[in-house]
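Let me begin by presenting the structure, written as structure tokens, before commenting on it.
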Number of protein chains: 2
Amino acid sequence: MESIRTLRIMQETSKRSLHQGKSIGFVPTMGAIHRGHLSLVKRAKGETDIVVVSIFVNPIQFGKNEDFDKYPRDLDGDIGKLREEGVDIILMPEAKTMYPQGFSTSILMGGLSERLCGAYRPGHFTGVATVVCKLFNIVKPARAYFGQKDFQQTVIIRRMAEDLNMDLELVVCPTIREGDGLAMSSRNAYLDTAERKAAAVIYKSLLSASEMMKGGAAGPEEAKRHLNEALKAEPLIAEIQYAGAYDPQTLEELSAFKKQNLLALAVKIGSTRLIDNVLVEKK
Amino acid sequence: MESIRTLRIMQETSKRSLHQGKSIGFVPTMGAIHRGHLSLVKRAKGETDIVVVSIFVNPIQFGKNEDFDKYPRDLDGDIGKLREEGVDIILMPEAKTMYPQGFSTSILMGGLSERLCGAYRPGHFTGVATVVCKLFNIVKPARAYFGQKDFQQTVIIRRMAEDLNMDLELVVCPTIREGDGLAMSSRNAYLDTAERKAAAVIYKSLLSASEMMKGGAAGPEEAKRHLNEALKAEPLIAEIQYAGAYDPQTLEELSAFKKQNLLALAVKIGSTRLIDNVLVEKK
């Protein structure tokens, strides 16, 4: 396994591989690698010749009062896990080479980046789109892998890749969950024991709203109410930022169910912000 | 010479060429091809294996009250000139395939896009950066060619390409001029006979300010005053939007000369907006 820190070297390495007719699979991460990330790596290994994982805690996607400074970092642990998984290249750029003095470019994604999480994290998806565009240009993947847990992120990156005619395929992989259903996330590490236990309510409430949807004639309003009530039943849920039924393409709140529907939410448990979602088909 | 209208076909054609080890030179234009464009094509022919010219009057870089509708279009004439020059591929995309329904992405370039022309054409450079990013991803050039006449555009595109780690080289070619010094521009066609004659003052005033700079101890303020006075001496100059001495990297107005200095201006003759610039070295 090769570790690369220099953007130009990564780019040249990718170019060489492409010239040899090899396809590149890319898994961008912020490190603190967990089984969610590793499932993306496994998928990439099966579908492409060379797997590149980037580890970069991207400063421009964090708000001023967010957790950039305390975001979990475990480079040695990460490298061990990725090596074991058979990753070919780890790209670990430094912030000052990603955003050198005079850096001026931002990629705006309009309404898509203002809904759901965007309403609570202004600038977040501009930071995400900008760094992912850069990483795509550096790594030159044929396929890039993202987890469904960050659903809005996948919608935005897919839109950006399409709009900017990027020549790659986005692969969205299922959310990986703990035994009690909690979606794997580096931020789960922030939870204390009681909070961690309480966090199981997130997926349970999504599942129960989803069951309700599949079962009957209830509309998006009922699903939303059901979801919110289930969440509120857990006293450690400190805040529900959003929880409801959305259009998986536009991320707009649904007034009537479609064939494919997104149940999604963001809550705070203590000061830890957690998100999750499920897609629900209506026959 | 091949004409391509479908973005995906262009992208596949470029990919095939790259796999064959051929380099692509790219000249993006809005058509109404003149000797300025052809000088870029000639340069590209000498430096790359395959020359692609795009013709696309990009709607999103025109303001509401600007000249999108009346912008000169002469597709047959353009094709003739480009064939004669030995261009390999003309890319002529349609607006609805470049900006399909749901298109959401814009590339913002911060302060660089707000100075000089940006102050008079809000949104213009966002439109330029966005379309050029798309075209680069579609055409996959090793080198892209721009004229120095649109100096601010070259600064912005260079910045974008660097910031987004695009793997290509920008080549800025000298402004091509008419006999009396007027910079070649598709918009010169808007001028009537008297206006066309008056327009010679633009380059003359730049030259005379540049001579003054080289000669003596005068600072940027004097150069600016000199430039403005020379322009005002021509009664058909209806408006001076800006005219002065700027930093060629940041496009900020200079308070003291540097090694390389930009004299630049935008004026209106009648209702026709014209721009020009020269770079001036100070020893």
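Starting from 1 in every chain, residues are counted up; chains themselves are A, B, ... following the order of the structure tokens, and ligands are numbered from 1 as listed.
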
Within 9 Å of chain A, which residues of chain B are there when counting only C-alpha atoms? Please give them as a ChimeraX atom specification.
/B:7-8,11,18-21,98-100,102-112,130-131,133-138,159-160,162-167,250

Please identify all polymer residues within 6 Å of region 209-213 of chain B, counting only C-alpha atoms, omitting same-chain residues fewer than 3 positions from it, and present them as JSON, numbers by chain.
{"B": [206, 216, 223, 227]}

Generate the output file for the selected residues, N, CA and C atoms, as a PDB file, in the first residue's frame.
```pdb
ATOM      1  N   LEU B 206      -3.969  53.251 -24.484  1.00  0.00           N
ATOM      2  CA  LEU B 206      -3.211  52.257 -23.711  1.00  0.00           C
ATOM      3  C   LEU B 206      -1.724  52.362 -24.008  1.00  0.00           C
ATOM      4  N   GLY B 216       9.074  57.287 -17.286  1.00  0.00           N
ATOM      5  CA  GLY B 216       9.426  58.159 -16.170  1.00  0.00           C
ATOM      6  C   GLY B 216       9.100  57.663 -14.801  1.00  0.00           C
ATOM      7  N   ALA B 223      -0.783  57.303 -14.502  1.00  0.00           N
ATOM      8  CA  ALA B 223      -1.107  56.460 -15.662  1.00  0.00           C
ATOM      9  C   ALA B 223      -2.616  56.419 -15.868  1.00  0.00           C
ATOM     10  N   LEU B 227      -4.578  57.884 -19.092  1.00  0.00           N
ATOM     11  CA  LEU B 227      -5.427  56.961 -19.852  1.00  0.00           C
ATOM     12  C   LEU B 227      -6.832  57.543 -19.999  1.00  0.00           C
TER      13      LEU B 227
END
```

If we count only C-alpha atoms and set the cut-off at 10 Å, which residues sit around Ser3 (chain B), ignoring sequence neighbours fewer than 5 positions away in its own chain? Please answer as a ChimeraX atom specification.
/B:10,52-54,79,88-93

Residues flagged strand (DSSP E) by DSSP in region 100-156 of chain B, as a list of chain:residue names
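Secondary structure check on region 100-156 of chain B, strand (DSSP E): B:Ser106, B:Ile107, B:Leu108, B:Arg143, B:Ala144, B:Tyr145, B:Phe146, B:Gly147.
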
Could you dump the residues just selected with C-alpha atoms as a PDB file, in the first residue's frame?
```pdb
ATOM      1  CA  SER B 106     -22.253  27.303 -10.359  1.00  0.00           C
ATOM      2  CA  ILE B 107     -18.585  27.986  -9.886  1.00  0.00           C
ATOM      3  CA  LEU B 108     -17.914  31.160  -7.937  1.00  0.00           C
ATOM      4  CA  ARG B 143      -3.746  22.658 -23.265  1.00  0.00           C
ATOM      5  CA  ALA B 144      -6.459  25.273 -23.557  1.00  0.00           C
ATOM      6  CA  TYR B 145      -5.936  28.511 -25.479  1.00  0.00           C
ATOM      7  CA  PHE B 146      -7.287  31.948 -24.598  1.00  0.00           C
ATOM      8  CA  GLY B 147      -6.607  35.422 -25.912  1.00  0.00           C
TER       9      GLY B 147
END
```

Filtered DSSP result for region 94-204 of chain A, state helix (DSSP H, G or I), as an mmCIF file with C-alpha atoms, in the first residue's frame:
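Final file, selection-v5.cif:
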```
data_model
loop_
_atom_site.group_PDB
_atom_site.id
_atom_site.type_symbol
_atom_site.label_atom_id
_atom_site.label_comp_id
_atom_site.auth_asym_id
_atom_site.auth_seq_id
_atom_site.Cartn_x
_atom_site.Cartn_y
_atom_site.Cartn_z
ATOM 1 C CA ALA A 95 -4.930 21.495 4.096
ATOM 2 C CA LYS A 96 -2.368 24.048 2.970
ATOM 3 C CA THR A 97 -1.770 22.241 -0.306
ATOM 4 C CA MET A 98 -5.495 21.715 -0.873
ATOM 5 C CA GLY A 110 -28.280 26.005 -5.255
ATOM 6 C CA GLY A 111 -31.407 24.813 -3.479
ATOM 7 C CA LEU A 112 -30.163 21.236 -3.070
ATOM 8 C CA SER A 113 -27.549 22.483 -0.625
ATOM 9 C CA CYS A 117 -28.845 19.508 6.640
ATOM 10 C CA GLY A 118 -28.013 22.561 4.532
ATOM 11 C CA ALA A 119 -30.462 24.675 6.517
ATOM 12 C CA TYR A 120 -28.535 23.867 9.705
ATOM 13 C CA HIS A 124 -21.358 22.842 4.410
ATOM 14 C CA PHE A 125 -22.302 21.479 0.998
ATOM 15 C CA THR A 126 -20.359 24.176 -0.825
ATOM 16 C CA GLY A 127 -17.337 22.886 1.082
ATOM 17 C CA VAL A 128 -18.229 19.286 0.261
ATOM 18 C CA ALA A 129 -18.816 19.938 -3.439
ATOM 19 C CA THR A 130 -15.608 21.940 -3.748
ATOM 20 C CA VAL A 131 -13.370 19.373 -2.062
ATOM 21 C CA VAL A 132 -14.950 16.433 -3.892
ATOM 22 C CA CYS A 133 -14.507 18.185 -7.234
ATOM 23 C CA LYS A 134 -10.847 18.742 -6.399
ATOM 24 C CA LEU A 135 -10.358 15.147 -5.259
ATOM 25 C CA PHE A 136 -12.052 13.795 -8.385
ATOM 26 C CA ASN A 137 -9.673 15.843 -10.546
ATOM 27 C CA ILE A 138 -6.682 14.652 -8.545
ATOM 28 C CA VAL A 139 -7.590 10.960 -8.318
ATOM 29 C CA PHE A 151 -27.949 10.912 1.464
ATOM 30 C CA GLN A 152 -28.035 14.627 0.737
ATOM 31 C CA GLN A 153 -24.312 14.529 0.021
ATOM 32 C CA THR A 154 -24.823 11.808 -2.572
ATOM 33 C CA VAL A 155 -27.600 13.792 -4.266
ATOM 34 C CA ILE A 156 -25.433 16.895 -4.384
ATOM 35 C CA ILE A 157 -22.326 15.148 -5.648
ATOM 36 C CA ARG A 158 -24.303 13.277 -8.288
ATOM 37 C CA ARG A 159 -25.817 16.576 -9.436
ATOM 38 C CA MET A 160 -22.427 18.279 -9.495
ATOM 39 C CA ALA A 161 -20.791 15.432 -11.390
ATOM 40 C CA GLU A 162 -23.596 15.486 -13.957
ATOM 41 C CA ASP A 163 -23.773 19.269 -14.237
ATOM 42 C CA SER A 186 -17.298 8.678 13.069
ATOM 43 C CA ARG A 187 -19.339 11.038 15.216
ATOM 44 C CA ASN A 188 -20.859 8.154 17.202
ATOM 45 C CA ALA A 189 -17.621 8.290 19.178
ATOM 46 C CA TYR A 190 -18.881 11.522 20.770
ATOM 47 C CA THR A 193 -22.980 5.340 27.253
ATOM 48 C CA ALA A 194 -26.491 6.609 27.927
ATOM 49 C CA GLU A 195 -26.548 8.669 24.735
ATOM 50 C CA ARG A 196 -25.253 5.739 22.710
ATOM 51 C CA LYS A 197 -28.076 3.583 24.021
ATOM 52 C CA ALA A 198 -30.647 6.297 23.340
ATOM 53 C CA ALA A 200 -30.986 3.464 18.783
ATOM 54 C CA VAL A 201 -34.266 5.365 18.645
ATOM 55 C CA ILE A 202 -33.142 7.041 15.403
ATOM 56 C CA TYR A 203 -33.220 3.990 13.184
ATOM 57 C CA LYS A 204 -36.123 2.446 15.098
#
```

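For the pair CA of Gly244 (chain B) and CA of Ala230 (chain B), the separation is 11.9 Å.
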
note - CA of Leu82 (chain A) and CA of Val27 (chain A) are separated by 11.0 Å
